[in-house]
Structures are given as C-alpha cells and as structure tokens.
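Visitor: File my_file-v4.cif follows (mmCIF, C-alpha atoms):
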```
data_coords
loop_
_atom_site.label_atom_id
_atom_site.label_comp_id
_atom_site.auth_asym_id
_atom_site.auth_seq_id
_atom_site.Cartn_x
_atom_site.Cartn_y
_atom_site.Cartn_z
CA MET A 1 -42.26 61.17 -14.73
CA ASN A 2 -39.99 62.17 -11.83
CA ASP A 3 -37.25 59.60 -11.23
CA MET A 4 -37.49 60.11 -7.46
CA VAL A 5 -41.18 59.19 -7.54
CA ASP A 6 -40.36 56.12 -9.64
CA THR A 7 -37.71 54.99 -7.16
CA ARG A 8 -39.96 55.54 -4.14
CA THR A 9 -42.85 53.67 -5.76
CA ALA A 10 -40.57 50.81 -6.75
CA GLY A 11 -39.12 50.67 -3.25
CA THR A 12 -42.57 50.52 -1.68
CA GLY A 13 -43.62 47.67 -3.94
CA LEU A 14 -40.39 45.79 -3.23
CA ALA A 15 -40.79 46.30 0.51
CA LYS A 16 -44.30 44.83 0.40
CA ARG A 17 -43.08 41.80 -1.53
CA VAL A 18 -40.23 41.24 0.92
CA ARG A 19 -42.49 41.61 3.95
CA ASP A 20 -45.17 39.32 2.53
CA GLY A 21 -42.62 36.71 1.50
CA PHE A 22 -40.80 36.79 4.82
CA LEU A 23 -43.99 36.51 6.88
CA GLN A 24 -45.29 33.69 4.69
CA ASP A 25 -42.02 31.78 5.14
CA ARG A 26 -42.20 32.31 8.89
CA ARG A 27 -45.63 30.66 8.88
CA GLU A 28 -44.68 27.82 6.55
CA LEU A 29 -41.04 27.14 7.47
CA GLY A 30 -40.92 28.43 11.02
CA PRO A 31 -39.12 31.53 12.34
CA ALA A 32 -35.59 30.06 12.44
CA GLU A 33 -35.62 28.65 8.89
CA ALA A 34 -37.24 31.78 7.47
CA THR A 35 -34.59 33.89 9.16
CA ASP A 36 -31.82 31.75 7.69
CA LYS A 37 -33.37 32.00 4.23
CA TRP A 38 -33.86 35.76 4.22
CA PHE A 39 -31.26 37.20 6.56
CA ALA A 40 -28.24 34.89 6.72
CA PRO A 41 -26.93 35.85 3.24
CA LEU A 42 -27.28 39.55 4.07
CA MET A 43 -25.50 39.07 7.39
CA ASP A 44 -22.61 37.41 5.58
CA ARG A 45 -22.51 40.33 3.13
CA TRP A 46 -22.63 42.80 6.03
CA ASN A 47 -19.58 41.22 7.69
CA GLY A 48 -17.73 41.14 4.38
CA LEU A 49 -18.44 44.80 3.64
CA LEU A 50 -17.32 45.86 7.12
CA SER A 51 -13.92 44.28 6.53
CA ARG A 52 -13.10 46.40 3.49
CA ASP A 53 -13.44 50.03 2.48
CA GLU A 54 -15.33 49.66 -0.77
CA GLY A 55 -18.49 48.12 -2.11
CA GLY A 56 -22.03 48.20 -0.82
CA PHE A 57 -25.47 46.68 -1.03
CA SER A 58 -27.70 46.78 -4.07
CA HIS A 59 -30.97 48.73 -3.95
CA GLU A 60 -32.89 45.49 -3.49
CA GLU A 61 -30.61 44.42 -0.64
CA ARG A 62 -30.95 47.79 1.08
CA VAL A 63 -34.74 47.70 0.97
CA THR A 64 -34.74 44.07 2.13
CA LEU A 65 -32.49 44.93 5.08
CA ALA A 66 -34.74 47.81 6.09
CA VAL A 67 -37.80 45.57 6.05
CA LEU A 68 -36.15 42.73 7.97
CA MET A 69 -34.69 45.11 10.60
CA THR A 70 -38.17 46.47 11.17
CA GLU A 71 -40.02 43.17 11.21
CA CYS A 72 -37.45 41.38 13.37
CA LEU A 73 -35.47 43.51 15.83
CA SER A 74 -33.08 40.67 16.60
CA MET A 75 -31.74 41.14 13.06
CA ARG A 76 -31.22 44.82 13.76
CA ASP A 77 -29.38 44.00 16.98
CA ALA A 78 -27.13 41.48 15.21
CA LEU A 79 -26.17 44.09 12.61
CA ILE A 80 -25.35 46.61 15.33
CA LEU A 81 -23.26 44.24 17.45
CA ALA A 82 -21.33 43.03 14.40
CA SER A 83 -20.53 46.69 13.72
CA LEU A 84 -18.87 47.18 17.10
CA ARG A 85 -16.49 44.25 16.92
CA GLU A 86 -15.80 41.22 14.77
CA MET A 87 -18.01 38.36 15.89
CA GLY A 88 -18.07 34.69 14.94
CA GLY A 89 -20.76 33.42 12.61
CA GLY A 90 -22.14 31.04 15.22
CA GLU A 91 -22.58 33.78 17.80
CA LEU A 92 -24.26 36.07 15.29
CA HIS A 93 -26.54 33.30 14.07
CA MET A 94 -27.65 32.67 17.63
CA LEU A 95 -28.52 36.35 18.04
CA TYR A 96 -30.81 36.63 15.06
CA ALA A 97 -32.12 33.06 14.72
CA GLN A 98 -32.66 32.34 18.44
CA PRO A 99 -33.38 35.80 19.87
CA HIS A 100 -35.40 34.51 22.82
CA SER A 101 -32.78 32.09 24.10
CA MET A 102 -31.01 32.84 27.38
CA GLU A 103 -27.66 32.83 25.56
CA SER A 104 -28.77 35.47 23.06
CA ALA A 105 -30.24 37.67 25.76
CA ALA A 106 -27.02 37.39 27.75
CA VAL A 107 -24.86 38.45 24.79
CA VAL A 108 -27.04 41.47 23.98
CA MET A 109 -27.19 42.60 27.60
CA ARG A 110 -23.43 42.14 28.02
CA GLU A 111 -22.60 44.19 24.94
CA LEU A 112 -25.03 46.97 25.81
CA SER A 113 -23.79 47.09 29.39
CA ARG A 114 -20.18 47.36 28.23
CA ALA A 115 -21.08 50.41 26.18
CA PHE A 116 -22.24 52.22 29.33
CA LYS A 117 -20.02 50.70 32.02
CA ASP A 118 -16.76 49.23 30.69
CA ALA A 119 -14.13 51.90 30.08
CA ALA A 120 -11.74 49.25 28.75
CA TYR A 121 -14.12 48.36 25.92
CA GLN A 122 -13.71 50.39 22.76
CA PRO A 123 -15.62 49.55 19.59
CA ASP A 124 -13.79 48.92 16.32
CA THR A 125 -13.78 52.44 14.89
CA ARG A 126 -13.29 51.44 11.27
CA ARG A 127 -16.10 48.86 11.37
CA GLY A 128 -18.37 51.39 13.02
CA GLU A 129 -17.69 54.07 10.41
CA ARG A 130 -18.27 51.64 7.56
CA ALA A 131 -21.48 50.35 9.18
CA THR A 132 -22.76 53.89 9.67
CA ALA A 133 -22.25 54.65 5.98
CA LEU A 134 -24.02 51.44 4.98
CA LEU A 135 -26.95 52.19 7.30
CA GLU A 136 -27.25 55.68 5.85
CA SER A 137 -27.61 54.10 2.41
CA VAL A 138 -30.21 51.63 3.72
CA THR A 139 -32.19 54.50 5.24
CA ALA A 140 -32.03 56.49 2.01
CA ASP A 141 -33.52 53.65 -0.04
CA ALA A 142 -36.07 52.45 2.51
CA PRO A 143 -39.74 53.42 2.04
CA ASP A 144 -41.12 55.68 4.77
CA GLY A 145 -42.52 52.86 6.89
CA TYR A 146 -39.11 51.20 7.15
CA LYS A 147 -36.70 54.08 7.76
CA ALA A 148 -36.90 54.37 11.56
CA GLN A 149 -34.97 51.24 12.59
CA PRO A 150 -31.96 51.69 10.28
CA MET A 151 -31.86 55.38 11.21
CA ALA A 152 -31.98 54.54 14.94
CA SER A 153 -29.22 51.96 14.43
CA CYS A 154 -27.13 54.61 12.75
CA ALA A 155 -27.82 56.95 15.67
CA TYR A 156 -26.62 54.31 18.15
CA LEU A 157 -23.36 53.74 16.26
CA LEU A 158 -22.76 57.49 16.10
CA TRP A 159 -23.30 57.71 19.85
CA MET A 160 -20.85 54.85 20.35
CA ALA A 161 -18.34 56.79 18.26
CA ASP A 162 -18.79 59.74 20.69
CA ARG A 163 -20.63 61.84 18.11
CA SER A 164 -23.60 62.67 20.29
CA THR A 165 -24.88 65.66 18.31
CA ALA A 166 -25.09 63.72 15.05
CA ALA A 167 -26.57 60.79 16.98
CA ALA A 168 -29.29 62.96 18.50
CA VAL A 169 -30.25 64.40 15.11
CA ARG A 170 -30.81 60.94 13.67
CA ALA A 171 -32.58 59.73 16.80
CA LEU A 172 -35.02 62.62 16.53
CA LYS A 173 -35.68 61.84 12.88
CA ALA A 174 -36.28 58.19 13.72
CA LEU A 175 -38.74 59.14 16.46
CA ALA A 176 -40.55 61.49 14.11
CA LEU A 177 -41.13 58.47 11.88
CA ASP A 178 -41.93 56.04 14.71
CA ASP A 179 -42.47 57.43 18.19
CA ASP A 180 -42.31 53.89 19.62
CA CYS A 181 -38.73 53.32 18.44
CA SER A 182 -37.10 52.48 21.79
CA LEU A 183 -33.55 52.44 20.42
CA ALA A 184 -33.92 56.01 19.16
CA SER A 185 -35.37 57.04 22.54
CA LEU A 186 -32.37 55.50 24.31
CA VAL A 187 -29.88 57.34 22.10
CA LEU A 188 -31.74 60.65 22.42
CA ALA A 189 -31.93 60.36 26.21
CA ALA A 190 -28.22 59.57 26.48
CA SER A 191 -27.33 62.49 24.22
CA GLU A 192 -29.59 64.96 26.02
CA HIS A 193 -28.22 63.98 29.45
CA GLY A 194 -24.59 64.11 28.38
CA ILE A 195 -24.10 60.37 28.81
CA ARG A 196 -21.15 59.26 26.73
CA PRO A 197 -19.82 55.77 25.97
CA ALA A 198 -17.76 54.42 28.83
CA TRP A 199 -14.63 54.10 26.68
CA THR A 200 -14.38 57.89 26.37
CA GLU A 201 -13.43 58.04 30.08
CA ARG A 202 -9.85 57.22 29.06
CA ARG A 203 -9.72 60.36 26.93
CA ARG A 204 -10.99 62.54 29.75
CA HIS A 205 -8.19 61.62 32.18
#
```
Would you encode the structure as structure tokens?

Guide:
Amino acid sequence: MNDMVDTRTAGTGLAKRVRDGFLQDRRELGPAEATDKWFAPLMDRWNGLLSRDEGGFSHEERVTLAVLMTECLSMRDALILASLREMGGGELHMLYAQPHSMESAAVVMRELSRAFKDAAYQPDTRRGERATALLESVTADAPDGYKAQPMASCAYLLWMADRSTAAAVRALKALALDDDCSLASLVLAASEHGIRPAWTERRRH
C-alpha cells in the first residue's frame, strides 16, 4: 500500500481523536483548563524551537497543532505573535487562554496595528524564518480539513518578512481550502494592493 496514503489516513484518524478529545475536555473541564492541557505544552515547545536553529515537532505534535489552530483561533494568534517577537509566558497564556478578555484583545490589536502603522517596529527576522519553516511542516502533515489556518499563518509571516509574492501564493492556497479564512483574505488583499509592512518604510528612504 502507498506510504503517502497510509500517512494521510493516519493523520486523519489522529486529527479526529485530537478534536474529539479537545472538545470533550472543553465541555468537562471548561475552555481555559482544556486549553492549558492541550496547548500550553505545545506553546512552550514553540517558543523553545524558535530560539534555536534545529529540531522540530513530531508528526503527532504537528497534527495536534493544526487541529488546535483551526478549532481555536486564539491559539493561532498566539503562535503568530510569538513568532514576531519574544513574549513572556504570562502574556502568551492570556492570549490563548483568555481570548475574549479586554487585555487580550488590546494586545492583538496593538500588534496587528504596529504591523501596518509603526515604521519603528520590525519583527524578529530569525524567529519569523524559523516559525515559517515550522508552519510549513505543520501544513504538510495536517489532513485537508486542517491545512488552511497554518497555511494562512505562514502567509502572514511571509508578508511580515516583506515577501509578498510568496505570501500571496500561500494565502490563495489557504482560501482554496477554506474560503472563509479571514487571515488569508487579509494577506491576499494586502499583497494585491501593494501594502507592505510599515517597517519596510525605512528601507525605502
């Protein structure tokens, strides 16, 4: 039997188990505790991997990340923001465990606004490159129903790195998988209208 078919089938079964387990824990433990159980260890691993140039996630971790990013967009946002600059564990925990709090909303809005408006703000290039590579590996292992969010996240980081063509390609692929993926729509619109990250202004003068 084809190994690729075996891997895809195994990934689909794993994704279903992760989704079912996560949703069950949300019902039984509550959203915050379920998030800590499922996502906190992966967030710690994410930060660790971004600080060095080797290592990666296991297949099971990659599929789990893809499922959690899709089921809970606050987890996706925490991964993205941690890719742009080093953030404290408490701030990150607030983002993914308390996504509806005023503090979390303020942090996300501030960081997104800086990307478009603050020419003095430049993301950590090395962290961004490492995160992009990790997200590519997550996308590769994710079953079809869970590829769009990691691919859109990758597109956003590429746009932040001023690689708009590569960003647009991935945004289009994400939208082909999920036409409601708002992050991919944002990246594609910025790329098509020639909108670049604010920090690139310094290079143009």

Visitor: Specify as a list in words each residue included when the PyMOL selection byres ((chain A and resi 125) around 9) is applied to this file.

Guide: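 With the shown file as input, the PyMOL selection byres ((chain A and resi 125) around 9) matches Ser83, Leu84, Arg85, Gln122, Pro123, Asp124, Arg126, Arg127, Gly128, Glu129, Arg130 and Ala161 of chain A.
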
Visitor: Could you give me, as JSON, numbers by chain, the residues within 12 Å of segment 40-55 of chain A, counting all atoms listed in the file and dropping anything in the same chain fewer than 3 positions from it?

Guide: {"A": [32, 33, 34, 35, 36, 37, 58, 60, 61, 62, 63, 64, 65, 66, 68, 69, 75, 76, 77, 78, 79, 80, 81, 82, 83, 84, 85, 86, 87, 88, 89, 90, 92, 93, 94, 95, 96, 97, 124, 125, 126, 127, 128, 129, 130, 131, 132, 133, 134, 135, 137, 138]}

Visitor: Report as a PyMOL selection string the full result of the PyMOL selection byres ((chain A and resi 177) around 12) when it is applied to this structure.

Guide: chain A and resi 139+143-152+170-176+178-181+184

Visitor: Nearest to Gln98 of chain A among A:Ser153, A:Ser191, A:Ser74, A:Ser113, with distances taken over all atoms listed in the file: which residue is it?

Guide: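 Of the candidates, the smallest distance to Gln98 of chain A is held by A:Ser74.
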
Visitor: Let me make sure I understand: among A:Val67, A:Phe57, A:Asp25, A:Leu188, which one has the smallest atom-to-atom distance to Thr12 of chain A if we use all atoms listed in the file?

Guide: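 Closest to Thr12 of chain A of all the choices is A:Val67.
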
Visitor: Using Å and a single decimal, report how far atom CA of Arg196 of chain A sits from atom CA of Asp162 of chain A.

Guide: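 It comes out at 6.5 Å.
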
Visitor: Since I can't run it myself right now, could you work out what the PyMOL selection byres ((chain A and resi 164) around 9) selects here and report it as a PDB file with C-alpha atoms, in the coordinates of the input?

Guide:
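Wrote it out as part.pdb, contents follow:
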```pdb
ATOM      1  CA  ALA A 155     -27.820  56.950  15.670  1.00  0.00           C
ATOM      2  CA  LEU A 158     -22.760  57.490  16.100  1.00  0.00           C
ATOM      3  CA  TRP A 159     -23.300  57.710  19.850  1.00  0.00           C
ATOM      4  CA  MET A 160     -20.850  54.850  20.350  1.00  0.00           C
ATOM      5  CA  ALA A 161     -18.340  56.790  18.260  1.00  0.00           C
ATOM      6  CA  ASP A 162     -18.790  59.740  20.690  1.00  0.00           C
ATOM      7  CA  ARG A 163     -20.630  61.840  18.110  1.00  0.00           C
ATOM      8  CA  THR A 165     -24.880  65.660  18.310  1.00  0.00           C
ATOM      9  CA  ALA A 166     -25.090  63.720  15.050  1.00  0.00           C
ATOM     10  CA  ALA A 167     -26.570  60.790  16.980  1.00  0.00           C
ATOM     11  CA  ALA A 168     -29.290  62.960  18.500  1.00  0.00           C
ATOM     12  CA  VAL A 169     -30.250  64.400  15.110  1.00  0.00           C
ATOM     13  CA  VAL A 187     -29.880  57.340  22.100  1.00  0.00           C
ATOM     14  CA  LEU A 188     -31.740  60.650  22.420  1.00  0.00           C
ATOM     15  CA  ALA A 190     -28.220  59.570  26.480  1.00  0.00           C
ATOM     16  CA  SER A 191     -27.330  62.490  24.220  1.00  0.00           C
ATOM     17  CA  GLU A 192     -29.590  64.960  26.020  1.00  0.00           C
ATOM     18  CA  GLY A 194     -24.590  64.110  28.380  1.00  0.00           C
ATOM     19  CA  ILE A 195     -24.100  60.370  28.810  1.00  0.00           C
ATOM     20  CA  ARG A 196     -21.150  59.260  26.730  1.00  0.00           C
TER      21      ARG A 196
END
```

Visitor: Rounded to one decimal, what separation in Å do you get between atom CA of Phe22 of chain A and atom CA of Ser101 of chain A?

Guide: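 Computing it gives 21.4 Å between the two atoms.
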
Visitor: In Å, how far is it from atom CA of Gly11 of chain A to atom CA of Glu71 of chain A?

Guide: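 Going from atom CA of Gly11 of chain A over to atom CA of Glu71 of chain A covers 16.3 Å.
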
Visitor: Name the closest residue to Leu73 of chain A among the candidates A:Ser182, A:His193, A:Ala140, A:His59; distances are taken between atoms, counting all atoms listed in the file.

Guide: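 Counting all atoms listed in the file, the residue closest to Leu73 of chain A is A:Ser182.
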
Visitor: List as a list of chain:residue names the protein and nucleic acid residues near Tyr121 of chain A, meaning an atom at most 6 Å away when all atoms listed in the file are counted, but skip any in the same chain fewer than 2 places from it.

Guide: A:Asp118, A:Ala119, A:Trp199

Visitor: Could you save those same residues with C-alpha atoms as a PDB file, in the coordinates of the input?

Guide:
```
ATOM      1  CA  ASP A 118     -16.760  49.230  30.690  1.00  0.00           C
ATOM      2  CA  ALA A 119     -14.130  51.900  30.080  1.00  0.00           C
ATOM      3  CA  TRP A 199     -14.630  54.100  26.680  1.00  0.00           C
TER       4      TRP A 199
END
```

Visitor: Using all atoms listed in the file, can you tell me which of A:Ala198, A:Leu112, A:Cys72, A:Ala15 comes closest to Phe39 of chain A?

Guide: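 The closest residue to Phe39 of chain A is A:Cys72.
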